[in-house]
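Shown below: start-v8.txt, with compact mmCIF, N, CA and C atoms.
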```
# COMPACT_ATOMS: atom_id res chain seq x y z
N MET U 268 109.35 121.47 105.48
CA MET U 268 109.67 121.08 106.83
C MET U 268 108.41 121.01 107.68
N LYS U 269 107.53 122.00 107.48
CA LYS U 269 106.28 122.03 108.21
C LYS U 269 105.45 120.78 107.93
N LEU U 270 105.48 120.32 106.67
CA LEU U 270 104.75 119.13 106.27
C LEU U 270 105.30 117.89 106.96
N ILE U 271 106.61 117.82 107.07
CA ILE U 271 107.24 116.68 107.75
C ILE U 271 106.85 116.66 109.23
N ILE U 272 106.81 117.81 109.85
CA ILE U 272 106.41 117.88 111.25
C ILE U 272 104.96 117.43 111.41
N ARG U 273 104.08 117.86 110.49
CA ARG U 273 102.68 117.45 110.56
C ARG U 273 102.53 115.95 110.37
N LEU U 274 103.30 115.39 109.42
CA LEU U 274 103.23 113.95 109.20
C LEU U 274 103.74 113.20 110.42
N THR U 275 104.85 113.65 110.97
CA THR U 275 105.39 113.00 112.15
C THR U 275 104.39 113.03 113.29
N THR U 276 103.75 114.16 113.49
CA THR U 276 102.73 114.28 114.54
C THR U 276 101.56 113.33 114.27
N ALA U 277 101.11 113.28 113.03
CA ALA U 277 99.97 112.41 112.69
C ALA U 277 100.34 110.94 112.87
N VAL U 278 101.53 110.57 112.42
CA VAL U 278 101.95 109.18 112.54
C VAL U 278 102.15 108.81 114.00
N LEU U 279 102.68 109.72 114.80
CA LEU U 279 102.86 109.43 116.22
C LEU U 279 101.54 109.26 116.94
N ALA U 280 100.48 109.82 116.38
CA ALA U 280 99.15 109.64 116.97
C ALA U 280 98.64 108.22 116.76
N LEU U 281 99.26 107.51 115.83
CA LEU U 281 98.87 106.13 115.56
C LEU U 281 99.62 105.22 116.53
N PRO U 282 98.99 104.19 117.05
CA PRO U 282 99.69 103.26 117.92
C PRO U 282 100.82 102.59 117.16
N LEU U 283 101.92 102.32 117.86
CA LEU U 283 103.05 101.66 117.22
C LEU U 283 102.73 100.23 116.87
N THR U 284 101.91 99.60 117.68
CA THR U 284 101.50 98.23 117.37
C THR U 284 100.00 98.24 117.16
N ALA U 285 99.58 97.58 116.11
CA ALA U 285 98.15 97.53 115.81
C ALA U 285 97.48 96.51 116.72
N THR U 286 96.29 96.84 117.13
CA THR U 286 95.52 95.88 117.91
C THR U 286 94.66 95.08 116.97
N ALA U 287 94.11 94.01 117.47
CA ALA U 287 93.24 93.19 116.64
C ALA U 287 92.01 93.99 116.22
N ASP U 288 91.60 94.93 117.03
CA ASP U 288 90.42 95.73 116.74
C ASP U 288 90.68 97.17 117.20
N PRO U 289 90.81 98.11 116.25
CA PRO U 289 91.07 99.49 116.64
C PRO U 289 90.05 100.06 117.62
N ALA U 290 88.82 99.56 117.61
CA ALA U 290 87.82 100.06 118.55
C ALA U 290 88.22 99.76 119.99
N MET U 291 89.01 98.70 120.18
CA MET U 291 89.45 98.36 121.54
C MET U 291 90.37 99.42 122.11
N GLU U 292 91.02 100.19 121.24
CA GLU U 292 91.87 101.29 121.71
C GLU U 292 91.04 102.33 122.44
N CYS U 293 89.78 102.39 122.13
CA CYS U 293 88.87 103.36 122.75
C CYS U 293 87.95 102.70 123.76
N GLY U 294 88.21 101.45 124.07
CA GLY U 294 87.33 100.68 124.94
C GLY U 294 87.13 101.28 126.32
N ASP U 295 88.12 102.03 126.81
CA ASP U 295 87.98 102.61 128.13
C ASP U 295 87.27 103.97 128.09
N ALA U 296 86.76 104.32 126.90
CA ALA U 296 86.08 105.60 126.75
C ALA U 296 84.74 105.63 127.47
N GLY U 297 84.16 104.46 127.73
CA GLY U 297 82.90 104.41 128.46
C GLY U 297 81.78 103.88 127.62
N SER U 298 80.80 104.74 127.37
CA SER U 298 79.60 104.33 126.64
C SER U 298 79.91 104.12 125.16
N GLN U 299 78.96 103.51 124.47
CA GLN U 299 79.12 103.29 123.05
C GLN U 299 79.22 104.61 122.29
N VAL U 300 78.52 105.62 122.74
CA VAL U 300 78.58 106.94 122.12
C VAL U 300 79.99 107.51 122.28
N GLU U 301 80.57 107.36 123.46
CA GLU U 301 81.92 107.87 123.71
C GLU U 301 82.96 107.07 122.91
N ILE U 302 82.77 105.78 122.80
CA ILE U 302 83.68 104.94 122.01
C ILE U 302 83.60 105.37 120.54
N ALA U 303 82.40 105.59 120.05
CA ALA U 303 82.22 106.01 118.66
C ALA U 303 82.92 107.34 118.40
N GLU U 304 82.82 108.26 119.34
CA GLU U 304 83.49 109.56 119.20
C GLU U 304 85.00 109.39 119.21
N CYS U 305 85.50 108.56 120.11
CA CYS U 305 86.94 108.29 120.19
C CYS U 305 87.45 107.68 118.89
N VAL U 306 86.74 106.68 118.38
CA VAL U 306 87.14 106.01 117.14
C VAL U 306 87.10 107.00 115.98
N SER U 307 86.09 107.86 115.95
CA SER U 307 85.99 108.86 114.90
C SER U 307 87.17 109.82 114.95
N ASN U 308 87.56 110.25 116.14
CA ASN U 308 88.72 111.13 116.28
C ASN U 308 90.00 110.43 115.83
N ALA U 309 90.13 109.16 116.17
CA ALA U 309 91.30 108.39 115.74
C ALA U 309 91.32 108.22 114.22
N GLU U 310 90.14 108.03 113.62
CA GLU U 310 90.08 107.91 112.16
C GLU U 310 90.54 109.21 111.50
N THR U 311 90.22 110.34 112.11
CA THR U 311 90.67 111.63 111.58
C THR U 311 92.19 111.70 111.57
N ALA U 312 92.83 111.22 112.64
CA ALA U 312 94.29 111.21 112.69
C ALA U 312 94.86 110.30 111.59
N VAL U 313 94.24 109.16 111.38
CA VAL U 313 94.68 108.24 110.33
C VAL U 313 94.49 108.90 108.96
N SER U 314 93.37 109.57 108.75
CA SER U 314 93.11 110.25 107.48
C SER U 314 94.14 111.34 107.22
N ASP U 315 94.50 112.08 108.26
CA ASP U 315 95.53 113.12 108.12
C ASP U 315 96.88 112.50 107.75
N ALA U 316 97.23 111.42 108.41
CA ALA U 316 98.50 110.74 108.10
C ALA U 316 98.47 110.18 106.68
N LEU U 317 97.33 109.67 106.27
CA LEU U 317 97.18 109.13 104.92
C LEU U 317 97.35 110.23 103.89
N GLU U 318 96.72 111.35 104.12
CA GLU U 318 96.82 112.48 103.19
C GLU U 318 98.27 112.95 103.05
N LEU U 319 98.96 113.05 104.16
CA LEU U 319 100.34 113.50 104.12
C LEU U 319 101.26 112.47 103.48
N SER U 320 101.08 111.21 103.81
CA SER U 320 101.93 110.19 103.22
C SER U 320 101.68 110.08 101.72
N LEU U 321 100.44 110.25 101.29
CA LEU U 321 100.14 110.25 99.86
C LEU U 321 100.82 111.43 99.17
N SER U 322 100.80 112.59 99.80
CA SER U 322 101.46 113.75 99.18
C SER U 322 102.97 113.52 99.07
N PHE U 323 103.57 112.90 100.07
CA PHE U 323 104.99 112.58 100.00
C PHE U 323 105.26 111.56 98.89
N ALA U 324 104.42 110.54 98.80
CA ALA U 324 104.60 109.52 97.76
C ALA U 324 104.41 110.15 96.37
N MET U 325 103.44 111.06 96.23
CA MET U 325 103.23 111.74 94.95
C MET U 325 104.45 112.57 94.57
N SER U 326 105.03 113.26 95.55
CA SER U 326 106.24 114.04 95.27
C SER U 326 107.37 113.14 94.81
N SER U 327 107.53 112.01 95.47
CA SER U 327 108.56 111.06 95.06
C SER U 327 108.29 110.51 93.67
N ALA U 328 107.04 110.22 93.37
CA ALA U 328 106.67 109.72 92.05
C ALA U 328 106.95 110.77 90.98
N ALA U 329 106.62 112.01 91.27
CA ALA U 329 106.87 113.10 90.32
C ALA U 329 108.37 113.27 90.09
N GLU U 330 109.13 113.16 91.15
CA GLU U 330 110.59 113.26 91.02
C GLU U 330 111.13 112.11 90.16
N LEU U 331 110.63 110.91 90.38
CA LEU U 331 111.04 109.76 89.58
C LEU U 331 110.68 109.97 88.10
N ASP U 332 109.46 110.45 87.85
CA ASP U 332 109.05 110.72 86.47
C ASP U 332 109.97 111.76 85.82
N LYS U 333 110.36 112.76 86.57
CA LYS U 333 111.24 113.80 86.04
C LYS U 333 112.62 113.22 85.73
N ILE U 334 113.15 112.44 86.64
CA ILE U 334 114.49 111.85 86.45
C ILE U 334 114.51 110.90 85.27
N THR U 335 113.48 110.07 85.17
CA THR U 335 113.44 109.07 84.10
C THR U 335 112.88 109.61 82.79
N GLN U 336 112.38 110.85 82.84
CA GLN U 336 111.75 111.50 81.69
C GLN U 336 110.59 110.65 81.13
N ARG U 337 109.87 110.07 82.06
CA ARG U 337 108.68 109.27 81.71
C ARG U 337 107.54 109.77 82.59
N ASP U 338 106.36 109.69 82.10
CA ASP U 338 105.19 110.12 82.87
C ASP U 338 104.38 108.88 83.23
N VAL U 339 104.93 108.06 84.13
CA VAL U 339 104.25 106.81 84.48
C VAL U 339 104.01 106.63 85.97
N ALA U 340 104.92 107.11 86.81
CA ALA U 340 104.80 106.86 88.25
C ALA U 340 103.60 107.59 88.86
N VAL U 341 103.44 108.86 88.54
CA VAL U 341 102.33 109.63 89.11
C VAL U 341 100.98 109.05 88.69
N PRO U 342 100.75 108.81 87.38
CA PRO U 342 99.46 108.21 87.00
C PRO U 342 99.24 106.84 87.64
N ALA U 343 100.30 106.06 87.77
CA ALA U 343 100.15 104.73 88.38
C ALA U 343 99.77 104.85 89.84
N LEU U 344 100.38 105.80 90.55
CA LEU U 344 100.03 106.01 91.96
C LEU U 344 98.61 106.53 92.08
N GLU U 345 98.20 107.43 91.20
CA GLU U 345 96.83 107.93 91.24
C GLU U 345 95.83 106.79 91.02
N GLN U 346 96.12 105.93 90.07
CA GLN U 346 95.26 104.78 89.80
C GLN U 346 95.23 103.83 90.98
N ALA U 347 96.39 103.57 91.55
CA ALA U 347 96.47 102.68 92.71
C ALA U 347 95.69 103.25 93.89
N GLN U 348 95.81 104.55 94.11
CA GLN U 348 95.11 105.17 95.24
C GLN U 348 93.60 105.11 95.05
N ALA U 349 93.14 105.34 93.83
CA ALA U 349 91.70 105.26 93.56
C ALA U 349 91.19 103.84 93.79
N ALA U 350 91.96 102.85 93.33
CA ALA U 350 91.56 101.45 93.53
C ALA U 350 91.58 101.10 95.02
N TRP U 351 92.59 101.58 95.73
CA TRP U 351 92.69 101.31 97.17
C TRP U 351 91.49 101.93 97.90
N SER U 352 91.14 103.17 97.55
CA SER U 352 90.01 103.85 98.20
C SER U 352 88.71 103.09 97.96
N ALA U 353 88.52 102.62 96.74
CA ALA U 353 87.31 101.85 96.43
C ALA U 353 87.29 100.55 97.23
N TYR U 354 88.43 99.88 97.33
CA TYR U 354 88.51 98.65 98.11
C TYR U 354 88.18 98.93 99.58
N ARG U 355 88.83 99.95 100.16
CA ARG U 355 88.59 100.29 101.57
C ARG U 355 87.12 100.55 101.82
N ASP U 356 86.52 101.37 100.99
CA ASP U 356 85.12 101.72 101.20
C ASP U 356 84.21 100.50 101.08
N GLY U 357 84.42 99.71 100.05
CA GLY U 357 83.59 98.52 99.85
C GLY U 357 83.78 97.48 100.94
N HIS U 358 85.03 97.23 101.28
CA HIS U 358 85.30 96.21 102.29
C HIS U 358 84.74 96.64 103.66
N CYS U 359 84.95 97.88 104.01
CA CYS U 359 84.48 98.33 105.33
C CYS U 359 82.96 98.39 105.40
N GLU U 360 82.31 98.70 104.29
CA GLU U 360 80.84 98.62 104.27
C GLU U 360 80.40 97.18 104.49
N TYR U 361 81.11 96.23 103.86
CA TYR U 361 80.81 94.81 104.09
C TYR U 361 80.97 94.47 105.57
N VAL U 362 82.07 94.91 106.16
CA VAL U 362 82.29 94.65 107.59
C VAL U 362 81.10 95.17 108.39
N GLY U 363 80.62 96.34 108.04
CA GLY U 363 79.46 96.90 108.73
C GLY U 363 78.22 96.04 108.61
N THR U 364 78.04 95.42 107.46
CA THR U 364 76.85 94.58 107.29
C THR U 364 76.88 93.35 108.18
N THR U 365 78.06 92.93 108.59
CA THR U 365 78.15 91.75 109.45
C THR U 365 77.64 92.02 110.85
N PHE U 366 77.34 93.28 111.15
CA PHE U 366 76.77 93.63 112.44
C PHE U 366 75.25 93.66 112.40
N GLY U 367 74.69 93.29 111.26
CA GLY U 367 73.24 93.15 111.14
C GLY U 367 72.45 94.39 111.48
N GLY U 368 73.03 95.56 111.26
CA GLY U 368 72.31 96.79 111.55
C GLY U 368 72.31 97.17 113.02
N GLY U 369 73.10 96.45 113.81
CA GLY U 369 73.16 96.73 115.25
C GLY U 369 73.86 98.04 115.57
N SER U 370 73.85 98.38 116.83
CA SER U 370 74.37 99.68 117.26
C SER U 370 75.89 99.80 117.10
N GLY U 371 76.59 98.70 116.94
CA GLY U 371 78.03 98.76 116.76
C GLY U 371 78.48 98.88 115.32
N THR U 372 77.53 98.99 114.40
CA THR U 372 77.86 99.01 112.98
C THR U 372 78.80 100.15 112.62
N ARG U 373 78.47 101.36 113.03
CA ARG U 373 79.29 102.53 112.67
C ARG U 373 80.69 102.40 113.27
N ILE U 374 80.80 101.92 114.49
CA ILE U 374 82.11 101.73 115.12
C ILE U 374 82.92 100.71 114.33
N ALA U 375 82.27 99.64 113.89
CA ALA U 375 82.96 98.61 113.12
C ALA U 375 83.47 99.16 111.79
N ILE U 376 82.66 99.94 111.12
CA ILE U 376 83.06 100.52 109.84
C ILE U 376 84.23 101.48 110.04
N THR U 377 84.14 102.32 111.03
CA THR U 377 85.21 103.28 111.30
C THR U 377 86.49 102.57 111.71
N SER U 378 86.38 101.54 112.53
CA SER U 378 87.55 100.76 112.94
C SER U 378 88.21 100.11 111.73
N CYS U 379 87.42 99.59 110.84
CA CYS U 379 87.93 98.98 109.61
C CYS U 379 88.70 100.02 108.80
N ARG U 380 88.13 101.19 108.63
CA ARG U 380 88.78 102.24 107.87
C ARG U 380 90.10 102.66 108.51
N MET U 381 90.14 102.66 109.84
CA MET U 381 91.38 102.98 110.55
C MET U 381 92.45 101.93 110.27
N GLU U 382 92.08 100.69 110.43
CA GLU U 382 93.03 99.60 110.27
C GLU U 382 93.60 99.56 108.84
N ILE U 383 92.73 99.66 107.86
CA ILE U 383 93.17 99.64 106.47
C ILE U 383 93.96 100.91 106.14
N GLY U 384 93.54 102.03 106.70
CA GLY U 384 94.25 103.30 106.48
C GLY U 384 95.66 103.28 107.05
N ARG U 385 95.82 102.71 108.22
CA ARG U 385 97.16 102.59 108.83
C ARG U 385 98.08 101.76 107.95
N ALA U 386 97.55 100.67 107.43
CA ALA U 386 98.35 99.82 106.54
C ALA U 386 98.75 100.59 105.28
N ARG U 387 97.83 101.40 104.75
CA ARG U 387 98.14 102.17 103.54
C ARG U 387 99.22 103.21 103.81
N VAL U 388 99.17 103.86 104.97
CA VAL U 388 100.21 104.84 105.33
C VAL U 388 101.57 104.15 105.32
N ARG U 389 101.66 102.99 105.97
CA ARG U 389 102.94 102.26 106.00
C ARG U 389 103.39 101.91 104.59
N GLU U 390 102.46 101.47 103.76
CA GLU U 390 102.80 101.09 102.39
C GLU U 390 103.28 102.29 101.58
N LEU U 391 102.56 103.40 101.65
CA LEU U 391 102.96 104.59 100.90
C LEU U 391 104.33 105.10 101.32
N MET U 392 104.61 105.05 102.60
CA MET U 392 105.88 105.57 103.09
C MET U 392 107.08 104.76 102.61
N LYS U 393 106.85 103.53 102.17
CA LYS U 393 107.94 102.73 101.59
C LYS U 393 108.46 103.34 100.30
N PHE U 394 107.65 104.15 99.64
CA PHE U 394 108.01 104.71 98.34
C PHE U 394 108.45 106.17 98.40
N VAL U 395 108.60 106.68 99.59
CA VAL U 395 109.02 108.07 99.76
C VAL U 395 110.55 108.10 99.79
N ARG U 396 111.11 108.91 98.94
CA ARG U 396 112.58 109.02 98.84
C ARG U 396 113.02 110.43 99.13
```

Please express what this file holds, its structure, as structure tokens.
Amino acid sequence: MKLIIRLTTAVLALPLTATADPAMECGDAGSQVEIAECVSNAETAVSDALELSLSFAMSSAAELDKITQRDVAVPALEQAQAAWSAYRDGHCEYVGTTFGGGSGTRIAITSCRMEIGRARVRELMKFVR
């Protein structure tokens, strides 16, 4: 129950509608340093939600494996998560390179990780039973 409350809190910290650029959610923070801090804090909330949704999906996969007496869902989810993590990291690093080393690079990378992480939370939650 405690885990469900934590997930609900983490998910509620995410905006209900995604913006075109998660950094814009922090646009009223002021300076670029303040925006970077805001985006970093928001990424932490997304990471927490991702961790919880993955644990729920893993529990559901384990339950499915037990019911079907097959050991396939958990390894498949582990493989999918590893591939997703590699994609997120590589893609967001690419996004950062498009800023040519400018001062907004870190904000762009963090915003990318937030956006992709939010999508992954929604996707994982589809498989929670």

Worksheet entry | Backbone-only DSSP, alpha helix (DSSP H) members of chain U, as a PyMOL selection string | chain U and resi 269-279+299-335+340-364+372-392

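All residues of protein, DNA or RNA that reach within 6.5 Å of range 305-310 of chain U, judged by only N, CA and C atoms and not counting those fewer than 6 positions away in the chain, are Ala290, Cys293, Thr377, Ser378, Arg380 and Met381 of chain U.
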
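Among U:Gln299, U:Ser322, U:Glu390, U:Glu292, the residue with the shortest atom-to-atom distance to Ser370 in chain U, counting all atoms listed in the file, is U:Gln299.
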
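Of the residues under consideration (U:Arg385, U:Asp356, U:Phe394, U:Arg337), U:Arg385 shows the shortest atom-to-atom contact distance to Glu318 in chain U when counting only C-alpha atoms.
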
Worksheet item: Mind pulling up the distance from CA of Ile383 in chain U to CA of Ser298 in chain U?
Response: 24.8 Å

Item to complete: Quote the spacing between atom N of Leu344 in chain U and atom C of Cys379 in chain U in Å to one decimal place.
Response: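 Answer for the atom N of Leu344 in chain U to atom C of Cys379 in chain U separation: 22.4 Å.
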
Item to complete: Work out how far apart atom C of Lys333 in chain U and atom N of Lys393 in chain U are and give it in Å to one decimal.
Response: 19.9 Å

Item to complete: Taking (101.7, 110.0, 102.3) in the file's own coordinates, collect the residues within 9 Å, counting only C-alpha atoms, and hand them back as an MDAnalysis selection string.
Response: chainID U and resid 274 316:325 387:392 395
